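Structure, as structure tokens:
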Amino acid sequence: MLTFLEGLGRRTVRGIEELGYHAALFAESIYWLVWGKRIGQPVRNNHVVKEMVSVGINALPIITVLSFSIGIMLAIQGIHTLKTFGAQNQVVLGIALSVTREFAPLIVAILVAGRSGSAFAARIGTMKISQELDALKVMGINPVRYLLAPALLAMLVMVPTVTFFADLVGLLGGGLYSAAELGIGLDVYWERTLDVLDPEDLMQGLVKSVLFAVMISLISAANGFSVSGGAEGVG
């Protein structure tokens, strides 16, 4: 029993330490983004743009394919289920709410975490193993300002933007299948979609995407900065 309690206590303390470390990284990143320029150490715009291209633009093809597929699958499942109640015309409501509130931000977050988040963590981890982070500190360059702050800003801009794009693509996929299956025109589908969607529905998904962007950036950076043990640790 004592061993169990000791292990539980250690894990709890370790969890609190990790949470505090992530919070400190976030606070320091915000500090450099807000005050860096005033003290002569700004976050470089070219670094931010480079991260934005990597996070958003380069991810558009796979996000387009997956969002379009999700929209079609929601339409297929929705029509099949609602036919039981003779309410298949209500599939537009299900597609609109599911895509904007849940699926679009979730799909984008998974893809960004898998593509950009893992690459970001591996890049920082490799720099730590090769002592490049120590070299930055010797040159007077803060690693958080140089590495994390641009990535965080890029994530905060691009993840909600790409999520909105995924909303449109997912709704288009569902609309094309619904038009073919139910015999309604796309203009009618979009009109119904706009009728059932509130700005709150769209904002709910975008707010989630902002939270996902912060979490992906901080978790990736924290794992990268804590790498040890050579190439195996980076993996």
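By convention here, the chains of the structure tokens are called A, B, ... in the order presented, each chain's residues are numbered starting at 1, and ligands are numbered starting at 1 in the order presented.
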Within 9 Å of stretch 26-38 of chain A, which residues of stretch 114-210 of chain A come that close, and what is the closest atom pair and distance in Å for each? Count only C-alpha atoms and give it as a tab-separated table.
```
residue	atom	partner	partner_atom	distance
A:Val144	CA	A:Ser29	CA	6.4
A:Arg145	CA	A:Trp32	CA	5.9
A:Leu148	CA	A:Ser29	CA	6.7
A:Ala149	CA	A:Ser29	CA	4.8
A:Pro150	CA	A:Leu33	CA	8.2
A:Leu152	CA	A:Ser29	CA	7.6
A:Leu153	CA	A:Leu33	CA	8.1
```
Exercise: A:Gln77 partners within 12 Å, only C-alpha atoms, chain neighbours under 3 positions left out, as a list in words: Ile70, Gly71, Ile72, Met73, Leu74, His80, Thr81, Leu82, Lys83, Thr84, Gln88, Val91, Val92, Gly94, Ile95, Gly174, Tyr177, Ser178 and Glu181 of chain A
Residue subset to file, keeping all heavy atoms, as a short mmCIF file (atom, residue, chain, number, x, y, z; two decimals), in the first residue's frame:
```cif
data_model
loop_
_atom_site.label_atom_id
_atom_site.label_comp_id
_atom_site.auth_asym_id
_atom_site.auth_seq_id
_atom_site.Cartn_x
_atom_site.Cartn_y
_atom_site.Cartn_z
N ILE A 70 -14.64 12.96 -44.93
CA ILE A 70 -15.47 13.00 -43.72
C ILE A 70 -16.86 13.53 -44.04
O ILE A 70 -17.89 13.01 -43.56
CB ILE A 70 -14.80 13.87 -42.64
CG1 ILE A 70 -13.56 13.17 -42.07
CG2 ILE A 70 -15.78 14.19 -41.51
CD1 ILE A 70 -13.87 11.92 -41.29
N GLY A 71 -16.94 14.58 -44.87
CA GLY A 71 -18.23 15.12 -45.25
C GLY A 71 -19.08 14.10 -45.98
O GLY A 71 -20.28 13.97 -45.71
N ILE A 72 -18.48 13.34 -46.90
CA ILE A 72 -19.22 12.31 -47.63
C ILE A 72 -19.69 11.20 -46.67
O ILE A 72 -20.84 10.75 -46.74
CB ILE A 72 -18.35 11.72 -48.75
CG1 ILE A 72 -18.10 12.77 -49.83
CG2 ILE A 72 -19.00 10.48 -49.36
CD1 ILE A 72 -17.19 12.31 -50.94
N MET A 73 -18.80 10.77 -45.78
CA MET A 73 -19.18 9.69 -44.86
C MET A 73 -20.29 10.13 -43.91
O MET A 73 -21.19 9.34 -43.58
CB MET A 73 -17.95 9.24 -44.07
CG MET A 73 -16.96 8.42 -44.89
SD MET A 73 -15.64 7.70 -43.91
CE MET A 73 -14.69 9.17 -43.51
N LEU A 74 -20.25 11.39 -43.46
CA LEU A 74 -21.34 11.88 -42.62
C LEU A 74 -22.66 11.89 -43.38
O LEU A 74 -23.72 11.55 -42.82
CB LEU A 74 -21.01 13.29 -42.13
CG LEU A 74 -19.97 13.41 -41.02
CD1 LEU A 74 -19.63 14.88 -40.78
CD2 LEU A 74 -20.47 12.77 -39.73
N HIS A 80 -28.61 7.28 -44.32
CA HIS A 80 -28.98 5.90 -44.02
C HIS A 80 -29.74 5.80 -42.69
O HIS A 80 -30.73 5.07 -42.58
CB HIS A 80 -27.73 5.03 -43.97
CG HIS A 80 -28.00 3.61 -43.55
ND1 HIS A 80 -28.61 2.69 -44.38
CD2 HIS A 80 -27.78 2.95 -42.38
CE1 HIS A 80 -28.74 1.53 -43.74
NE2 HIS A 80 -28.23 1.67 -42.53
N THR A 81 -29.30 6.53 -41.69
CA THR A 81 -29.94 6.48 -40.38
C THR A 81 -31.30 7.19 -40.38
O THR A 81 -32.29 6.68 -39.84
CB THR A 81 -29.03 7.12 -39.32
OG1 THR A 81 -27.77 6.43 -39.31
CG2 THR A 81 -29.66 7.03 -37.93
N LEU A 82 -31.34 8.37 -41.00
CA LEU A 82 -32.57 9.16 -40.97
C LEU A 82 -33.68 8.59 -41.85
O LEU A 82 -34.85 8.92 -41.67
CB LEU A 82 -32.26 10.61 -41.38
CG LEU A 82 -31.40 11.40 -40.38
CD1 LEU A 82 -31.00 12.73 -40.98
CD2 LEU A 82 -32.16 11.60 -39.08
N LYS A 83 -33.30 7.76 -42.82
CA LYS A 83 -34.32 7.13 -43.65
C LYS A 83 -35.28 6.28 -42.81
O LYS A 83 -36.45 6.13 -43.14
CB LYS A 83 -33.66 6.25 -44.73
CG LYS A 83 -33.32 6.99 -46.01
CD LYS A 83 -32.78 6.03 -47.05
CE LYS A 83 -32.47 6.77 -48.34
NZ LYS A 83 -31.92 5.85 -49.38
N THR A 84 -34.77 5.74 -41.72
CA THR A 84 -35.61 4.92 -40.83
C THR A 84 -36.79 5.72 -40.30
O THR A 84 -37.88 5.16 -40.08
CB THR A 84 -34.77 4.40 -39.65
OG1 THR A 84 -33.61 3.74 -40.16
CG2 THR A 84 -35.56 3.44 -38.79
N GLN A 88 -34.77 12.02 -43.88
CA GLN A 88 -33.46 12.12 -44.51
C GLN A 88 -33.12 13.54 -44.97
O GLN A 88 -31.96 13.88 -45.14
CB GLN A 88 -33.35 11.16 -45.70
CG GLN A 88 -34.40 11.33 -46.77
CD GLN A 88 -35.60 10.43 -46.55
OE1 GLN A 88 -35.93 10.14 -45.39
NE2 GLN A 88 -36.26 10.00 -47.61
N VAL A 91 -30.64 15.68 -42.97
CA VAL A 91 -29.23 15.34 -42.93
C VAL A 91 -28.35 16.58 -43.01
O VAL A 91 -27.22 16.60 -42.51
CB VAL A 91 -28.89 14.35 -44.07
CG1 VAL A 91 -28.96 15.03 -45.43
CG2 VAL A 91 -27.52 13.73 -43.86
N VAL A 92 -28.88 17.62 -43.64
CA VAL A 92 -28.11 18.87 -43.77
C VAL A 92 -27.75 19.41 -42.39
O VAL A 92 -26.61 19.87 -42.16
CB VAL A 92 -28.90 19.91 -44.57
CG1 VAL A 92 -28.15 21.24 -44.61
CG2 VAL A 92 -29.16 19.41 -45.98
N GLY A 94 -27.41 17.71 -39.58
CA GLY A 94 -26.39 16.86 -38.97
C GLY A 94 -25.01 17.10 -39.54
O GLY A 94 -24.02 17.17 -38.80
N ILE A 95 -24.93 17.23 -40.86
CA ILE A 95 -23.62 17.47 -41.49
C ILE A 95 -23.06 18.81 -41.05
O ILE A 95 -21.88 18.93 -40.69
CB ILE A 95 -23.76 17.41 -43.02
CG1 ILE A 95 -24.15 16.01 -43.48
CG2 ILE A 95 -22.45 17.84 -43.69
CD1 ILE A 95 -24.46 15.91 -44.96
N GLY A 174 -20.21 16.65 -48.12
CA GLY A 174 -21.54 16.22 -47.72
C GLY A 174 -22.61 16.71 -48.67
O GLY A 174 -23.58 15.99 -48.96
N TYR A 177 -22.68 14.57 -52.04
CA TYR A 177 -23.34 13.27 -51.89
C TYR A 177 -24.84 13.45 -51.64
O TYR A 177 -25.66 12.71 -52.19
CB TYR A 177 -22.72 12.48 -50.76
CG TYR A 177 -23.31 11.10 -50.63
CD1 TYR A 177 -22.81 10.04 -51.40
CD2 TYR A 177 -24.38 10.85 -49.78
CE1 TYR A 177 -23.37 8.77 -51.30
CE2 TYR A 177 -24.94 9.59 -49.68
CZ TYR A 177 -24.43 8.55 -50.43
OH TYR A 177 -24.99 7.30 -50.35
N SER A 178 -25.21 14.41 -50.81
CA SER A 178 -26.62 14.63 -50.52
C SER A 178 -27.39 15.04 -51.77
O SER A 178 -28.53 14.61 -51.99
CB SER A 178 -26.77 15.72 -49.45
OG SER A 178 -26.14 15.32 -48.24
N GLU A 181 -27.82 11.85 -53.80
CA GLU A 181 -28.68 10.84 -53.18
C GLU A 181 -30.11 11.31 -53.00
O GLU A 181 -31.07 10.53 -53.21
CB GLU A 181 -28.09 10.46 -51.80
CG GLU A 181 -28.87 9.39 -51.04
CD GLU A 181 -28.74 8.01 -51.66
OE1 GLU A 181 -27.80 7.82 -52.49
OE2 GLU A 181 -29.54 7.13 -51.31
#
```
Dump as JSON lines the rows for residues of stretch 153-187 of chain A within 6 Å of stretch 62-67 of chain A: closest atom pair and distance in Å with one decimal, only C-alpha atoms counted, ordered by chain and rising residue number.
```
{"residue": "A:Ala166", "atom": "CA", "partner": "A:Ser67", "partner_atom": "CA", "distance": 5.7}
{"residue": "A:Val169", "atom": "CA", "partner": "A:Ser67", "partner_atom": "CA", "distance": 5.9}
{"residue": "A:Gly170", "atom": "CA", "partner": "A:Ser67", "partner_atom": "CA", "distance": 4.7}
```
field: Closest of A:Leu211, A:Ile79, A:Asn223, A:Arg192 to A:Leu93 - atom-to-atom distances counting only C-alpha atoms
entry: A:Arg192
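Counting only C-alpha atoms, A:Phe212 has the following residues at most 12 Å away, ignoring those fewer than 4 positions along the same chain: Ala104, Pro105, Leu106, Ile107, Val108, Ala109, Ile110, Leu111, Val112, Ala113, Gly117, Leu152, Met155, Leu156, Val157, Met158, Val159, Pro160, Thr163, Gly205, Leu206, Val207, Lys208, Ile216, Ser217, Leu218, Ile219 and Ser220 of chain A.
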